[in-house]
file data-v8.txt (compact mmCIF, C-alpha atoms and all ligand atoms)
# COMPACT_ATOMS: atom_id res chain seq x y z
CA MET Q 370 67.17 -58.80 130.12
CA PRO Q 371 69.35 -57.03 127.52
CA ASN Q 372 68.23 -59.68 125.02
CA VAL Q 373 64.54 -58.95 125.70
CA MET Q 374 65.21 -55.23 125.29
CA GLU Q 375 67.09 -55.86 122.03
CA TRP Q 376 64.23 -58.04 120.78
CA LEU Q 377 61.66 -55.41 121.71
CA ASP Q 378 63.77 -52.73 120.05
CA ARG Q 379 63.58 -54.63 116.78
CA GLN Q 380 59.74 -54.72 116.74
CA PRO Q 381 57.78 -52.16 114.67
CA LYS Q 382 57.09 -48.94 116.57
CA TRP Q 383 53.33 -49.07 115.96
CA ALA Q 384 53.13 -52.58 117.43
CA LEU Q 385 55.00 -51.44 120.52
CA ALA Q 386 52.70 -48.41 120.87
CA VAL Q 387 49.61 -50.66 120.63
CA PHE Q 388 51.17 -53.04 123.13
CA THR Q 389 51.79 -50.31 125.73
CA VAL Q 390 48.20 -49.05 125.33
CA VAL Q 391 46.80 -52.58 125.75
CA LEU Q 392 49.07 -53.15 128.78
CA SER Q 393 47.81 -49.87 130.33
CA LEU Q 394 44.20 -50.97 129.81
CA LEU Q 395 44.94 -54.39 131.35
CA ILE Q 396 46.53 -52.83 134.42
CA GLY Q 397 43.54 -50.44 134.60
CA PHE Q 398 41.17 -53.43 134.50
CA VAL Q 399 42.94 -55.12 137.43
CA ASP Q 400 43.06 -51.77 139.23
CA TRP Q 401 39.28 -51.42 138.79
CA LYS Q 402 38.61 -54.97 140.00
CA THR Q 403 40.63 -54.39 143.16
CA SER Q 404 39.71 -51.73 145.65
CA PRO Q 405 41.01 -48.19 144.95
CA GLU Q 406 42.56 -48.32 148.42
CA ILE Q 407 45.33 -50.40 146.85
CA ALA Q 408 47.63 -48.11 144.87
CA PHE Q 409 48.76 -49.36 141.45
CA THR Q 410 50.80 -46.30 140.39
CA LEU Q 411 54.07 -48.19 140.06
CA PHE Q 412 52.55 -50.72 137.64
CA TYR Q 413 51.37 -47.95 135.32
CA LEU Q 414 54.98 -46.79 135.07
CA VAL Q 415 55.80 -50.00 133.17
CA PRO Q 416 53.82 -49.22 129.96
CA ILE Q 417 54.70 -45.53 130.29
CA SER Q 418 58.46 -46.27 130.49
CA MET Q 419 58.23 -48.76 127.65
CA ALA Q 420 56.41 -46.23 125.48
CA VAL Q 421 59.07 -43.55 126.08
CA TRP Q 422 62.07 -45.84 125.73
CA LEU Q 423 60.94 -48.03 122.87
CA VAL Q 424 58.68 -45.76 120.83
CA GLY Q 425 59.30 -42.12 121.68
CA ARG Q 426 58.55 -39.16 123.86
CA ARG Q 427 55.19 -38.28 122.29
CA THR Q 428 53.85 -41.81 122.67
CA GLY Q 429 55.15 -41.69 126.25
CA ILE Q 430 53.15 -38.53 126.96
CA PHE Q 431 50.07 -40.07 125.34
CA VAL Q 432 50.33 -43.28 127.41
CA ALA Q 433 50.98 -41.21 130.58
CA ILE Q 434 47.79 -39.18 130.02
CA LEU Q 435 45.90 -42.36 129.14
CA CYS Q 436 47.08 -44.08 132.33
CA ALA Q 437 46.12 -41.07 134.49
CA PHE Q 438 42.60 -41.17 133.01
CA ILE Q 439 42.41 -44.96 133.35
CA VAL Q 440 43.14 -44.61 137.09
CA LEU Q 441 40.49 -41.90 137.39
CA THR Q 442 37.92 -44.01 135.51
CA SER Q 443 38.67 -47.16 137.51
CA ASN Q 444 38.39 -45.20 140.77
CA LEU Q 445 35.13 -43.57 139.69
CA LEU Q 446 33.71 -46.90 138.52
CA TYR Q 447 34.47 -48.35 141.94
CA ALA Q 448 33.20 -45.52 144.08
CA ARG Q 449 30.95 -42.63 143.11
CA VAL Q 450 32.20 -39.06 143.34
CA SER Q 451 29.66 -38.43 146.07
CA GLN Q 452 31.42 -40.99 148.25
CA TYR Q 453 34.56 -38.82 148.40
CA SER Q 454 34.70 -36.27 151.22
CA ASN Q 455 35.11 -33.64 148.50
CA PRO Q 456 34.00 -34.19 144.86
CA ALA Q 457 37.18 -32.50 143.61
CA ILE Q 458 39.45 -35.14 145.23
CA PRO Q 459 39.48 -37.64 142.31
CA TYR Q 460 40.40 -34.81 139.91
CA TRP Q 461 43.06 -33.50 142.25
CA ASN Q 462 44.49 -37.05 142.40
CA LEU Q 463 44.31 -37.19 138.60
CA LEU Q 464 46.49 -34.08 138.35
CA MET Q 465 48.94 -35.43 140.92
CA ARG Q 466 49.31 -38.74 139.08
CA LEU Q 467 49.59 -37.00 135.74
CA GLY Q 468 52.37 -34.86 137.20
CA VAL Q 469 54.29 -37.93 138.39
CA PHE Q 470 53.77 -39.79 135.10
CA LEU Q 471 54.87 -36.84 132.98
CA THR Q 472 57.93 -36.26 135.16
CA VAL Q 473 58.91 -39.88 134.58
CA VAL Q 474 58.36 -39.40 130.83
CA TYR Q 475 60.54 -36.29 130.83
CA LEU Q 476 63.36 -37.88 132.85
CA LEU Q 477 63.36 -41.09 130.85
CA SER Q 478 63.41 -39.33 127.51
CA ALA Q 479 66.29 -37.10 128.68
CA LEU Q 480 68.15 -40.23 129.80
CA LYS Q 481 67.45 -41.89 126.48
CA ASN Q 482 68.90 -38.90 124.60
CA ILE Q 483 72.08 -38.98 126.68
CA TYR Q 484 72.33 -42.73 126.15
CA ALA Q 485 71.86 -42.39 122.38
CA SER Q 486 74.45 -39.63 122.03
CA LEU Q 487 76.93 -41.59 124.14
CA GLU Q 488 76.35 -44.67 122.04
CA LYS Q 489 76.94 -42.65 118.89
CA LYS Q 490 80.18 -41.27 120.29
CA VAL Q 491 81.35 -44.76 121.27
CA GLU Q 492 80.50 -46.07 117.81
CA ALA Q 493 82.38 -43.24 116.11
CA ARG Q 494 85.41 -43.70 118.36
CA THR Q 495 85.38 -47.47 117.82
CA ALA Q 496 85.28 -46.98 114.06
CA GLU Q 497 88.16 -44.51 114.31
CA LEU Q 498 90.21 -46.89 116.45
CA ARG Q 499 89.50 -49.77 114.10
CA LYS Q 500 90.71 -47.68 111.19
CA GLU Q 501 93.84 -46.64 113.07
CA ILE Q 502 94.63 -50.24 114.05
CA LEU Q 503 94.18 -51.49 110.49
CA GLU Q 504 96.29 -48.64 109.16
CA ARG Q 505 99.05 -49.42 111.69
CA GLN Q 506 98.94 -53.10 110.77
CA ARG Q 507 99.20 -52.21 107.09
CA MET Q 508 102.19 -49.96 107.79
CA GLU Q 509 103.91 -52.65 109.86
CA ARG Q 510 103.38 -55.15 107.07
CA GLU Q 511 104.69 -52.74 104.49
CA ILE Q 512 107.79 -51.93 106.56
CA LEU Q 513 108.55 -55.63 106.86
CA GLU Q 514 108.00 -56.20 103.16
CA VAL Q 515 110.20 -53.24 102.24
CA SER Q 516 112.94 -54.38 104.59
CA GLU Q 517 112.74 -57.91 103.19
CA ARG Q 518 112.96 -56.55 99.64
CA GLU Q 519 115.82 -54.21 100.50
CA GLN Q 520 117.76 -56.95 102.28
CA LYS Q 521 117.31 -59.16 99.25
CA ARG Q 522 118.47 -56.40 96.91
CA LEU Q 523 121.45 -55.53 99.14
CA GLY Q 524 122.38 -59.20 99.47
CA GLN Q 525 122.25 -59.72 95.73
CA ASP Q 526 124.18 -56.50 95.05
CA MET Q 527 126.86 -57.50 97.53
CA HIS Q 528 127.08 -60.99 96.08
CA ASP Q 529 126.95 -60.08 92.41
CA GLY Q 530 128.58 -56.63 92.58
CA ILE Q 531 131.28 -56.36 95.24
CA GLY Q 532 131.73 -60.14 95.40
CA GLN Q 533 132.31 -60.56 91.67
CA GLN Q 534 134.50 -57.50 91.37
CA MET Q 535 136.71 -58.56 94.23
CA THR Q 536 136.96 -62.05 92.80
CA GLY Q 537 138.15 -60.37 89.60
CA VAL Q 538 140.72 -58.35 91.54
CA ALA Q 539 141.92 -61.49 93.33
CA PHE Q 540 142.31 -63.19 89.95
CA MET Q 541 144.34 -60.23 88.68
CA CYS Q 542 146.59 -60.51 91.73
CA LYS Q 543 147.10 -64.17 90.97
CA VAL Q 544 148.09 -63.28 87.40
CA LEU Q 545 150.42 -60.61 88.78
CA GLN Q 546 151.91 -63.17 91.14
CA GLN Q 547 152.53 -65.45 88.20
CA LYS Q 548 154.17 -62.70 86.16
CA LEU Q 549 156.35 -61.58 89.08
CA SER Q 550 157.60 -65.09 89.70
CA GLU Q 551 158.32 -65.46 85.97
CA LYS Q 552 160.44 -62.30 86.25
CA SER Q 553 162.30 -63.93 89.14
CA LEU Q 554 160.90 -61.58 91.78
CA PRO Q 555 159.84 -64.16 94.37
CA GLU Q 556 159.36 -61.69 97.24
CA ASP Q 557 157.04 -59.47 95.21
CA ALA Q 558 155.28 -62.54 93.88
CA ALA Q 559 154.67 -63.76 97.45
CA GLU Q 560 153.27 -60.38 98.40
CA ALA Q 561 150.91 -60.42 95.43
CA GLY Q 562 149.88 -63.93 96.47
CA GLU Q 563 149.16 -62.71 99.97
CA ILE Q 564 147.04 -59.86 98.63
CA ALA Q 565 145.13 -62.38 96.52
CA GLY Q 566 144.57 -64.56 99.60
CA GLN Q 567 143.40 -61.58 101.66
CA ILE Q 568 140.97 -60.58 98.92
CA HIS Q 569 139.68 -64.15 98.78
CA ARG Q 570 138.96 -64.11 102.49
CA THR Q 571 137.17 -60.77 102.15
CA VAL Q 572 135.12 -62.20 99.28
CA GLU Q 573 134.15 -65.07 101.57
CA ASP Q 574 133.08 -62.56 104.24
CA VAL Q 575 131.04 -60.59 101.71
CA ARG Q 576 129.40 -63.81 100.46
CA ARG Q 577 128.53 -64.83 104.00
CA MET Q 578 127.08 -61.41 104.78
CA ALA Q 579 125.10 -61.49 101.54
CA LYS Q 580 123.80 -64.93 102.46
CA GLY Q 581 122.72 -63.65 105.87
CA LEU Q 582 120.83 -60.80 104.25
CA PHE Q 583 119.02 -63.04 101.85
CA PRO Q 584 120.03 -66.67 101.64
CA VAL Q 585 119.96 -68.17 98.20
CA GLY Q 586 116.99 -70.49 97.92
CA LEU Q 587 115.11 -69.00 100.86
CA GLU Q 588 112.15 -68.48 98.60
CA ASP Q 589 112.12 -71.88 96.98
CA GLY Q 590 114.39 -74.25 98.90
CA GLY Q 591 111.93 -75.21 101.64
CA LEU Q 592 112.13 -74.73 105.37
CA ASP Q 593 114.76 -77.42 105.97
CA ALA Q 594 117.13 -75.83 103.47
CA ALA Q 595 116.55 -72.38 104.95
CA MET Q 596 117.26 -73.57 108.51
CA GLU Q 597 120.30 -75.54 107.41
CA ASN Q 598 121.52 -72.39 105.71
CA LEU Q 599 121.02 -70.42 108.90
CA ARG Q 600 122.76 -73.08 110.95
CA SER Q 601 125.91 -73.13 108.84
CA ASN Q 602 125.91 -69.35 108.60
CA VAL Q 603 125.70 -68.98 112.38
CA GLU Q 604 128.56 -71.42 112.89
CA SER Q 605 130.85 -69.70 110.43
CA GLN Q 606 129.84 -66.16 111.36
CA PHE Q 607 129.78 -66.38 115.16
CA GLY Q 608 131.91 -69.43 115.79
CA VAL Q 609 129.29 -71.12 118.00
CA SER Q 610 127.90 -74.64 117.71
CA CYS Q 611 124.53 -74.66 116.07
CA PHE Q 612 122.32 -77.71 115.56
CA PHE Q 613 119.18 -78.05 113.53
CA SER Q 614 116.77 -80.95 113.83
CA ALA Q 615 113.33 -81.48 112.37
CA ASN Q 616 110.69 -84.16 112.89
CA PRO Q 617 110.61 -86.22 109.71
CA GLY Q 618 107.85 -85.54 107.27
CA ILE Q 619 107.28 -81.88 108.11
CA GLN Q 620 106.58 -80.13 104.84
CA ILE Q 621 105.99 -76.40 104.98
CA GLU Q 622 104.90 -75.27 101.55
CA ASN Q 623 104.07 -71.61 102.01
CA THR Q 624 107.03 -69.40 101.06
CA ASN Q 625 105.87 -66.52 103.24
CA VAL Q 626 105.71 -68.85 106.23
CA ILE Q 627 109.24 -70.05 105.49
CA ILE Q 628 110.58 -66.49 105.22
CA HIS Q 629 108.90 -65.43 108.49
CA LEU Q 630 110.20 -68.51 110.32
CA TYR Q 631 113.68 -67.97 108.94
CA ARG Q 632 113.71 -64.37 110.15
CA ILE Q 633 112.33 -65.34 113.57
CA ALA Q 634 115.03 -67.98 113.97
CA GLN Q 635 117.68 -65.57 112.67
CA GLU Q 636 116.73 -62.94 115.26
CA ALA Q 637 116.60 -65.57 118.02
CA VAL Q 638 120.08 -66.92 117.26
CA THR Q 639 121.52 -63.41 116.91
CA ASN Q 640 120.05 -62.54 120.32
CA ALA Q 641 121.44 -65.77 121.76
CA VAL Q 642 124.95 -64.79 120.65
CA ARG Q 643 124.73 -61.05 121.26
CA HIS Q 644 122.81 -60.93 124.53
CA GLY Q 645 123.07 -64.46 125.90
CA ASN Q 646 126.76 -65.17 125.16
CA ALA Q 647 125.65 -68.61 124.10
CA SER Q 648 128.12 -71.20 122.90
CA GLU Q 649 125.55 -73.71 121.71
CA ILE Q 650 122.24 -73.11 119.94
CA ARG Q 651 119.64 -75.69 119.02
CA ILE Q 652 117.00 -75.05 116.41
CA ASP Q 653 114.21 -77.57 116.44
CA LEU Q 654 111.17 -78.07 114.27
CA SER Q 655 108.41 -80.34 115.56
CA ARG Q 656 104.69 -81.06 115.41
CA GLN Q 657 102.59 -79.74 118.23
CA ASN Q 658 98.84 -79.71 118.89
CA GLY Q 659 97.87 -80.18 115.26
CA GLY Q 660 100.28 -77.42 114.20
CA TYR Q 661 104.02 -76.95 114.30
CA ALA Q 662 106.57 -75.54 116.69
CA LEU Q 663 109.88 -73.90 115.91
CA THR Q 664 112.13 -73.74 118.96
CA VAL Q 665 115.42 -71.94 119.30
CA GLN Q 666 117.19 -72.75 122.53
CA ASP Q 667 120.54 -71.42 123.68
CA ASP Q 668 122.80 -72.20 126.63
CA GLY Q 669 123.52 -68.56 127.43
CA ILE Q 670 122.85 -66.43 130.49
CA GLY Q 671 119.08 -66.55 129.93
CA ILE Q 672 116.71 -63.72 129.21
CA VAL Q 673 115.62 -61.55 132.12
CA GLN Q 674 111.84 -61.45 132.15
CA SER Q 675 111.43 -57.75 132.65
CA GLY Q 676 109.58 -54.86 131.11
CA LYS Q 677 112.86 -53.55 129.73
CA ASN Q 678 112.99 -56.32 127.10
CA ALA Q 679 109.59 -55.32 125.78
CA ALA Q 680 111.21 -52.21 124.32
CA GLY Q 681 113.43 -54.28 121.97
CA MET Q 682 112.48 -54.17 118.31
CA GLY Q 683 113.71 -57.72 117.74
CA LEU Q 684 111.24 -59.39 120.11
CA HIS Q 685 108.47 -57.14 118.86
CA ILE Q 686 109.11 -58.02 115.21
CA MET Q 687 109.40 -61.73 116.05
CA ARG Q 688 105.97 -61.55 117.72
CA TYR Q 689 104.58 -59.66 114.76
CA ARG Q 690 105.95 -62.21 112.30
CA ALA Q 691 104.49 -65.04 114.38
CA GLY Q 692 101.11 -63.29 114.14
CA MET Q 693 101.52 -63.01 110.37
CA ILE Q 694 101.68 -66.80 110.13
CA ARG Q 695 98.70 -67.23 112.48
CA GLY Q 696 101.09 -68.28 115.20
CA ALA Q 697 102.20 -67.20 118.63
CA LEU Q 698 105.61 -66.53 120.12
CA ASP Q 699 106.80 -67.44 123.57
CA VAL Q 700 110.16 -66.34 124.99
CA GLN Q 701 111.19 -67.97 128.26
CA LYS Q 702 114.21 -68.45 130.42
CA ALA Q 703 114.70 -72.23 130.11
CA GLU Q 704 114.83 -74.38 133.29
CA SER Q 705 118.12 -75.81 132.11
CA GLY Q 706 119.54 -72.28 131.73
CA GLY Q 707 119.65 -70.15 128.62
CA THR Q 708 116.72 -68.87 126.65
CA ARG Q 709 114.04 -70.73 124.75
CA VAL Q 710 112.09 -69.04 121.96
CA THR Q 711 109.09 -71.03 120.74
CA CYS Q 712 106.97 -70.12 117.78
CA LEU Q 713 103.79 -72.14 117.37
CA PHE Q 714 102.46 -71.85 113.85
CA THR Q 715 100.41 -73.36 111.06
CA ASP Q 716 101.25 -73.62 107.39
CA GLN Q 717 99.17 -70.57 106.56
CA ALA Q 718 100.21 -66.97 106.18
CA VAL Q 719 97.73 -64.22 106.87
CA ASP Q 720 96.18 -62.86 103.70
CA PRO Q 721 97.65 -59.36 103.18
CA ASP Q 722 94.17 -57.89 102.64
CA GLU Q 723 92.64 -59.67 105.59
CA GLU Q 724 91.39 -57.41 108.35
CA ARG Q 725 92.93 -58.47 111.60
CA ILE Q 726 92.21 -56.81 114.89
CA ALA Q 727 93.82 -58.65 117.70
N1 LIG Q 801 118.72 -65.14 123.97
C1 LIG Q 801 118.77 -64.13 124.86
N2 LIG Q 801 119.53 -64.23 125.97
C2 LIG Q 801 119.58 -63.22 126.86
N3 LIG Q 801 118.91 -62.05 126.74
C3 LIG Q 801 118.14 -61.89 125.66
C4 LIG Q 801 118.02 -62.93 124.65
N4 LIG Q 801 117.16 -62.49 123.70
C5 LIG Q 801 116.79 -61.24 124.07
N5 LIG Q 801 117.36 -60.87 125.24
C6 LIG Q 801 117.12 -59.61 125.96
O1 LIG Q 801 115.97 -58.99 125.43
C7 LIG Q 801 116.26 -57.70 124.95
C8 LIG Q 801 115.43 -57.38 123.74
O2 LIG Q 801 115.83 -58.14 122.60
P1 LIG Q 801 115.49 -57.63 121.16
O3 LIG Q 801 114.03 -57.30 121.16
O4 LIG Q 801 115.93 -58.62 120.17
O5 LIG Q 801 116.24 -56.27 121.01
P2 LIG Q 801 117.77 -55.97 120.61
O6 LIG Q 801 118.37 -57.26 120.15
O7 LIG Q 801 117.65 -54.98 119.51
O8 LIG Q 801 118.38 -55.42 121.86
C9 LIG Q 801 117.74 -57.69 124.72
O9 LIG Q 801 118.29 -56.42 124.83
C10 LIG Q 801 118.26 -58.63 125.80
O10 LIG Q 801 118.41 -57.93 127.01
MG MG Q 802 117.67 -58.56 118.83
call {"tool": "encode", "arguments": {"input": "data-v8.txt", "output": "structure tokens", "more": "lines below"}}
Ligand SMILES: Nc1ncnc2c1ncn2[C@@H]1O[C@H](COP(=O)(O)OP(=O)(O)O)[C@@H](O)[C@H]1O
Ligand SMILES: [Mg+2]
result
Amino acid sequence: MPNVMEWLDRQPKWALAVFTVVLSLLIGFVDWKTSPEIAFTLFYLVPISMAVWLVGRRTGIFVAILCAFIVLTSNLLYARVSQYSNPAIPYWNLLMRLGVFLTVVYLLSALKNIYASLEKKVEARTAELRKEILERQRMEREILEVSEREQKRLGQDMHDGIGQQMTGVAFMCKVLQQKLSEKSLPEDAAEAGEIAGQIHRTVEDVRRMAKGLFPVGLEDGGLDAAMENLRSNVESQFGVSCFFSANPGIQIENTNVIIHLYRIAQEAVTNAVRHGNASEIRIDLSRQNGGYALTVQDDGIGIVQSGKNAAGMGLHIMRYRAGMIRGALDVQKAESGGTRVTCLFTDQAVDPDEERIA
């Protein structure tokens, strides 16, 4: 029915007006051919309602008056005025019918106005919402891009700035150690050596932190290299066992996809250590349903499936990143214990300018 109404709505107004007039005449013809004892009033309401709803109020009034006169004519053609107990009766009936028809016209056109204004409001609100959603998505994307850029900058600064300077200081300590031992001050020389060793260890820490912020080669080393990087970083940073395995032949080319997957896996392993107290984490890359799946599984206490977790930024950003690579994220308490994070994805990142309303 809505389809018929939509189709009718698309027809030219004049054609619809002609149609309602013809329909009124047709009903009038049948009314005339049957005895006036049988009331046809309801049928006349069809062309009248169509005229009001599809063409307009004025056409509705015209068709209503036309229908009232058609009924009068058909009645008079069937039985002469003299056959009525009072000659005024057909005209009285005409006025009554006209009253009913015009009331219907008035009510329908009022209803149509309300409907139209509601529809306009809904359209305006929908457009506003659409704009707000797109704006929010743009902001989210920008925040992620800025954070990615800042992490990269910070990582490079730490590596090239603090890292290099401290390496220089460690070297100076080594030289000092040498000089002190040449001056036969073995105790002082040992102390200088210890300082050099301490600085070396700090440099290692700084390097590792810098690598965590933005691993070298993340942008051009491929997914395997990125995950391997993460794996070794997790082992050295948290002291837990971390394994990475990938189905052979999986080649993810898109750098954005690699960066998003790396960050998803990084958040998942950090959660596994921080919240799950995991001692073993497995990162797995496989083919699934024509796409790919990245799974991070830990042997920790397992995530509690509650509303409270929804408030976490980490899970939210992981989901957002999965969406950015046309994927989906699933976080479950694994049957074997621990938590399993699965990201199903394709090798396509969402175009930054693409409008996406989920
Ligand atoms: N691997 C996990 N094991 C146990 N609990 C987890 C794990 N990952 C997430 N959670 C739970 O989900 C919550 C939300 O995680 P997340 O969104 O990353 O936020 P955050 O790490 O900032 O607390 C955590 O506070 C924790 O309670
Ligand atoms: Mg987290």
call {"tool": "residues_around", "arguments": {"input": "data-v8.txt", "residues": "Ser705 (chain Q)", "least_positions_apart": "6", "cutoff": "10 Å", "atoms": "only C-alpha atoms", "output": "list in words"}}
result
Asp667, Asp668 and Gly671 of chain Q
call {"tool": "residues_around", "arguments": {"input": "data-v8.txt", "residues": "region 382-388 of chain Q", "least_positions_apart": "6", "cutoff": "10 Å", "atoms": "only C-alpha atoms", "output": "list in words"}}
result
Leu394, Pro416, Met419, Ala420, Val421, Leu423, Val424, Gly425, Thr428, Gly429, Phe431 and Val432 of chain Q
call {"tool": "residues_around", "arguments": {"input": "data-v8.txt", "residues": "region 478-483 of chain Q", "least_positions_apart": "3", "cutoff": "10 Å", "atoms": "all atoms listed in the file", "output": "ChimeraX atom specification"}}
result
/Q:418,421-423,425-427,429,472-475,486-489
call {"tool": "write_last_selection", "arguments": {"input": "data-v8.txt", "atoms": "C-alpha atoms", "output": "mmCIF file, keeping the file's coordinate frame"}}
result
data_model
loop_
_atom_site.group_PDB
_atom_site.id
_atom_site.type_symbol
_atom_site.label_atom_id
_atom_site.label_comp_id
_atom_site.auth_asym_id
_atom_site.auth_seq_id
_atom_site.Cartn_x
_atom_site.Cartn_y
_atom_site.Cartn_z
ATOM 1 C CA SER Q 418 58.460 -46.270 130.490
ATOM 2 C CA VAL Q 421 59.070 -43.550 126.080
ATOM 3 C CA TRP Q 422 62.070 -45.840 125.730
ATOM 4 C CA LEU Q 423 60.940 -48.030 122.870
ATOM 5 C CA GLY Q 425 59.300 -42.120 121.680
ATOM 6 C CA ARG Q 426 58.550 -39.160 123.860
ATOM 7 C CA ARG Q 427 55.190 -38.280 122.290
ATOM 8 C CA GLY Q 429 55.150 -41.690 126.250
ATOM 9 C CA THR Q 472 57.930 -36.260 135.160
ATOM 10 C CA VAL Q 473 58.910 -39.880 134.580
ATOM 11 C CA VAL Q 474 58.360 -39.400 130.830
ATOM 12 C CA TYR Q 475 60.540 -36.290 130.830
ATOM 13 C CA SER Q 486 74.450 -39.630 122.030
ATOM 14 C CA LEU Q 487 76.930 -41.590 124.140
ATOM 15 C CA GLU Q 488 76.350 -44.670 122.040
ATOM 16 C CA LYS Q 489 76.940 -42.650 118.890
#
call {"tool": "residues_around", "arguments": {"input": "data-v8.txt", "residues": "Asp526 (chain Q)", "least_positions_apart": "2", "cutoff": "12 Å", "atoms": "only C-alpha atoms", "output": "list in words"}}
result
Glu519, Gln520, Lys521, Arg522, Leu523, Gly524, His528, Asp529, Gly530, Ile531, Gly532, Gln533, Gln534, Val575, Arg576, Met578, Ala579, Lys580, Leu582 and Phe583 of chain Q
call {"tool": "residues_near_ligand", "arguments": {"input": "data-v8.txt", "ligand": "ligand MG 802 (chain Q)", "cutoff": "10 Å", "atoms": "only C-alpha atoms and all ligand atoms", "output": "compact mmCIF listing (two decimals) with C-alpha atoms, keeping the file's coordinate frame"}}
result
# COMPACT_ATOMS: atom_id res chain seq x y z
CA GLN Q 635 117.68 -65.57 112.67
CA GLU Q 636 116.73 -62.94 115.26
CA ALA Q 637 116.60 -65.57 118.02
CA VAL Q 638 120.08 -66.92 117.26
CA THR Q 639 121.52 -63.41 116.91
CA ASN Q 640 120.05 -62.54 120.32
CA ALA Q 641 121.44 -65.77 121.76
CA VAL Q 642 124.95 -64.79 120.65
CA ARG Q 643 124.73 -61.05 121.26
CA HIS Q 644 122.81 -60.93 124.53
CA ASN Q 678 112.99 -56.32 127.10
CA GLY Q 681 113.43 -54.28 121.97
CA MET Q 682 112.48 -54.17 118.31
CA GLY Q 683 113.71 -57.72 117.74
CA LEU Q 684 111.24 -59.39 120.11
CA HIS Q 685 108.47 -57.14 118.86
CA ILE Q 686 109.11 -58.02 115.21
CA MET Q 687 109.40 -61.73 116.05
call {"tool": "atom_distance", "arguments": {"input": "data-v8.txt", "atom1": "CA of Val710 (chain Q)", "atom2": "CA of Arg505 (chain Q)"}}
result
25.7 Å
call {"tool": "closest_residue", "arguments": {"input": "data-v8.txt", "among": "Q:Phe412, Q:Phe714, Q:Tyr689, Q:Tyr631", "to": "ligand LIG 801 (chain Q)", "atoms": "all atoms listed in the file"}}
result
Q:Tyr689
call {"tool": "residues_around", "arguments": {"input": "data-v8.txt", "residues": "Glu560 (chain Q)", "least_positions_apart": "6", "cutoff": "12 Å", "atoms": "all atoms listed in the file", "output": "list of chain:residue names"}}
result
Q:Cys542, Q:Lys543, Q:Leu545, Q:Gln546, Q:Gln547, Q:Leu549, Q:Ser550, Q:Leu554, Q:Gly566, Q:Gln567
call {"tool": "atom_distance", "arguments": {"input": "data-v8.txt", "atom1": "atom O1 of ligand LIG 801 (chain Q)", "atom2": "CA of Met693 (chain Q)"}}
result
21.3 Å
call {"tool": "atom_distance", "arguments": {"input": "data-v8.txt", "atom1": "atom P1 of ligand LIG 801 (chain Q)", "atom2": "CA of Ile672 (chain Q)"}}
result
10.2 Å
call {"tool": "closest_residue", "arguments": {"input": "data-v8.txt", "among": "Q:Gly692, Q:Ala539, Q:Glu511, Q:Glu597", "to": "Glu563 (chain Q)", "atoms": "all atoms listed in the file"}}
result
Q:Ala539
call {"tool": "residues_near_point", "arguments": {"input": "data-v8.txt", "point": "(35.2, -47.8, 137.7)", "cutoff": "12 Å", "atoms": "all atoms listed in the file", "output": "mmCIF file with C-alpha atoms, in the frame of the given file"}}
result
data_model
loop_
_atom_site.group_PDB
_atom_site.id
_atom_site.type_symbol
_atom_site.label_atom_id
_atom_site.label_comp_id
_atom_site.auth_asym_id
_atom_site.auth_seq_id
_atom_site.Cartn_x
_atom_site.Cartn_y
_atom_site.Cartn_z
ATOM 1 C CA GLY Q 397 43.540 -50.440 134.600
ATOM 2 C CA PHE Q 398 41.170 -53.430 134.500
ATOM 3 C CA VAL Q 399 42.940 -55.120 137.430
ATOM 4 C CA ASP Q 400 43.060 -51.770 139.230
ATOM 5 C CA TRP Q 401 39.280 -51.420 138.790
ATOM 6 C CA LYS Q 402 38.610 -54.970 140.000
ATOM 7 C CA THR Q 403 40.630 -54.390 143.160
ATOM 8 C CA SER Q 404 39.710 -51.730 145.650
ATOM 9 C CA PRO Q 405 41.010 -48.190 144.950
ATOM 10 C CA PHE Q 438 42.600 -41.170 133.010
ATOM 11 C CA ILE Q 439 42.410 -44.960 133.350
ATOM 12 C CA VAL Q 440 43.140 -44.610 137.090
ATOM 13 C CA LEU Q 441 40.490 -41.900 137.390
ATOM 14 C CA THR Q 442 37.920 -44.010 135.510
ATOM 15 C CA SER Q 443 38.670 -47.160 137.510
ATOM 16 C CA ASN Q 444 38.390 -45.200 140.770
ATOM 17 C CA LEU Q 445 35.130 -43.570 139.690
ATOM 18 C CA LEU Q 446 33.710 -46.900 138.520
ATOM 19 C CA TYR Q 447 34.470 -48.350 141.940
ATOM 20 C CA ALA Q 448 33.200 -45.520 144.080
ATOM 21 C CA ARG Q 449 30.950 -42.630 143.110
ATOM 22 C CA VAL Q 450 32.200 -39.060 143.340
ATOM 23 C CA PRO Q 459 39.480 -37.640 142.310
#
call {"tool": "closest_residue", "arguments": {"input": "data-v8.txt", "among": "Q:Ala433, Q:Leu377, Q:Val491, Q:Val673", "to": "ligand LIG 801 (chain Q)", "atoms": "all atoms listed in the file"}}
result
Q:Val673
call {"tool": "closest_residue", "arguments": {"input": "data-v8.txt", "among": "Q:Asn462, Q:Gln380, Q:Asn602, Q:Thr711", "to": "Ile633 (chain Q)", "atoms": "all atoms listed in the file"}}
result
Q:Thr711
call {"tool": "closest_residue", "arguments": {"input": "data-v8.txt", "among": "Q:Cys436, Q:Ala457, Q:Leu713, Q:Ala634", "to": "ligand LIG 801 (chain Q)", "atoms": "all atoms listed in the file"}}
result
Q:Ala634
call {"tool": "closest_residue", "arguments": {"input": "data-v8.txt", "among": "Q:Pro381, Q:Ala647, Q:Asp574, Q:Asp653", "to": "Phe612 (chain Q)", "atoms": "only C-alpha atoms"}}
result
Q:Asp653
